[in-house]
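Below: one structure, written as structure tokens.
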Amino acid sequence: MESIGVLMTCPMNAYLEKELEKRFNLYKFWQFPQRTQFLTENCNSIRAVVGNAKAGADATLIDALPKLEIVSSFSVGLDKIDLKRCKEKGIRVTNTPDVLTEDVADLAIGLIIAVLRRLCECDRYVRSGKWKIGDYKLTTKFSGKSVGILGLGRIGLAIAKRAEAFNCPISYYSRTEKEGSKYKYYSNLLDLASNSDILVVACALTKETHHIINREVIDALGPKGVLINIGRGPHVDEPELVAALVEGRLGGAGLDVFENEPEVPQELFTLENVVLVPHIGSGTVETRTEMANLVLGNLEAHFSNKPLLTPVV
């Protein structure tokens, strides 16, 4: 398979990059500033694209590669891939589900506790020497808080399972009620937000879920409520979120994702009730290695005419 051309859209994982170089003829897109010229010169050599949550395969890239057969995403999210165009052209698409579920769910719980117990602010309090002057103020417990989950898929379920261990009542909103689920279902997101102390965004990013967390939802969550986003940045109307936090209309937020990464609204930097992390949901050595192996396995399966490991299209 060493002669098969694979285009990697951006730097994403050293192990994956190294293994792709071993097994295929790897093109690193970011190393070619004249991208149009590069695609013109190499379009007939590239049969696969490897992308991620930052850079996938849009219609322009797909149309520029007439020999493209498969897009293998180093991510569970598919919002950076034009699935419609792939279907039209018979291009296979794979992602990396399941292997990152536990890490993302762990982070969601970590963000909840960090926001409610002000862990980051407490850390700064100790480091600055303020503890010598007096104790840190009282915070808020997590155990027993009502947790609402937007999207009860693999990750949403894993979050619910963890929150149950803290004796938290669980409820959720999704397009349809999940058959057999023991959790309370709300058919309206505003009702879910109104009845939750903590609202966790864990759904896929689609046209329908873009800015699904708007001013109405934020106000329904209220000045004691906490928003946790481990989904995608554009799920949240970011200016409305910032305004609500600054004005005290929302109690706090734990954010792993942002609307224009890596740009983050500076107004959030001074707020002690906000915890910010740089899109690290699946960012452990163990999980990223498993994700890389899925990407490699899907590519090798495709070019060996074997069933794909995690097919989407």
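Ligands are numbered from 1 in the order shown, residues from 1 within each chain, and chains are lettered A, B, ... in the order they appear in the structure tokens.
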With a cut-off of 10 Å, could you pull out the residues of segment 25-98 of chain A touching segment 4-21 of chain A and give me the nearest pair of atoms for each, distance in Å to one decimal, using only C-alpha atoms, ordered by chain and ascending number, as a Markdown table?
| residue | atom | partner | partner_atom | distance |
| --- | --- | --- | --- | --- |
| A:Asn25 | CA | A:Gly5 | CA | 4.7 |
| A:Leu26 | CA | A:Val6 | CA | 5.0 |
| A:Tyr27 | CA | A:Leu7 | CA | 4.8 |
| A:Lys28 | CA | A:Met8 | CA | 5.1 |
| A:Phe29 | CA | A:Thr9 | CA | 5.1 |
| A:Trp30 | CA | A:Cys10 | CA | 5.7 |
| A:Gln31 | CA | A:Cys10 | CA | 8.9 |
| A:Asn42 | CA | A:Gly5 | CA | 8.9 |
| A:Cys43 | CA | A:Gly5 | CA | 9.5 |
| A:Asn44 | CA | A:Gly5 | CA | 8.9 |
| A:Ser45 | CA | A:Gly5 | CA | 5.4 |
| A:Ile46 | CA | A:Gly5 | CA | 4.3 |
| A:Arg47 | CA | A:Gly5 | CA | 5.6 |
| A:Ala48 | CA | A:Val6 | CA | 4.7 |
| A:Val49 | CA | A:Leu7 | CA | 4.7 |
| A:Val50 | CA | A:Met8 | CA | 4.8 |
| A:Gly51 | CA | A:Thr9 | CA | 5.3 |
| A:Asn52 | CA | A:Met12 | CA | 7.4 |
| A:Ala53 | CA | A:Met12 | CA | 9.5 |
| A:Lys54 | CA | A:Cys10 | CA | 8.1 |
| A:Ala55 | CA | A:Thr9 | CA | 6.0 |
| A:Gly56 | CA | A:Thr9 | CA | 6.7 |
| A:Ala57 | CA | A:Thr9 | CA | 8.2 |
| A:Lys67 | CA | A:Gly5 | CA | 9.8 |
| A:Leu68 | CA | A:Val6 | CA | 9.2 |
| A:Ile70 | CA | A:Val6 | CA | 9.5 |
| A:Val71 | CA | A:Leu7 | CA | 9.4 |
| A:Ser72 | CA | A:Met8 | CA | 9.7 |
| A:Ser73 | CA | A:Met8 | CA | 9.9 |
| A:Phe74 | CA | A:Met12 | CA | 8.0 |
Got a sec: who's within 10 Å of Phe142 of chain A, counting only C-alpha atoms, leaving out chain neighbours fewer than 5 positions off, as a list in words?
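Everything that qualifies: Ile109, Ile112, Ile113, Ala114, Val115, Leu116, Arg117, Val147, Ala163, Phe166, Asn167, Cys168, Asp197 and Ile198 of chain A.
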Could you go through segment 212-279 of chain A and tell me which residues DSSP, when run on the backbone, assigns to helix (DSSP H, G or I), listing them as a PyMOL selection string?
chain A and resi 215-221+233-235+238-247+266-268
Could you find all residues in segment 22-111 of chain A that DSSP calls strand (DSSP E) from the backbone, and write them as a ChimeraX atom specification?
/A:25-28,46-51,70-73,92-94
One-decimal distance in Å that lies between atom CA of Phe32 of chain A and atom CA of Val76 of chain A:
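Atom CA of Phe32 of chain A lies 26.5 Å from atom CA of Val76 of chain A.
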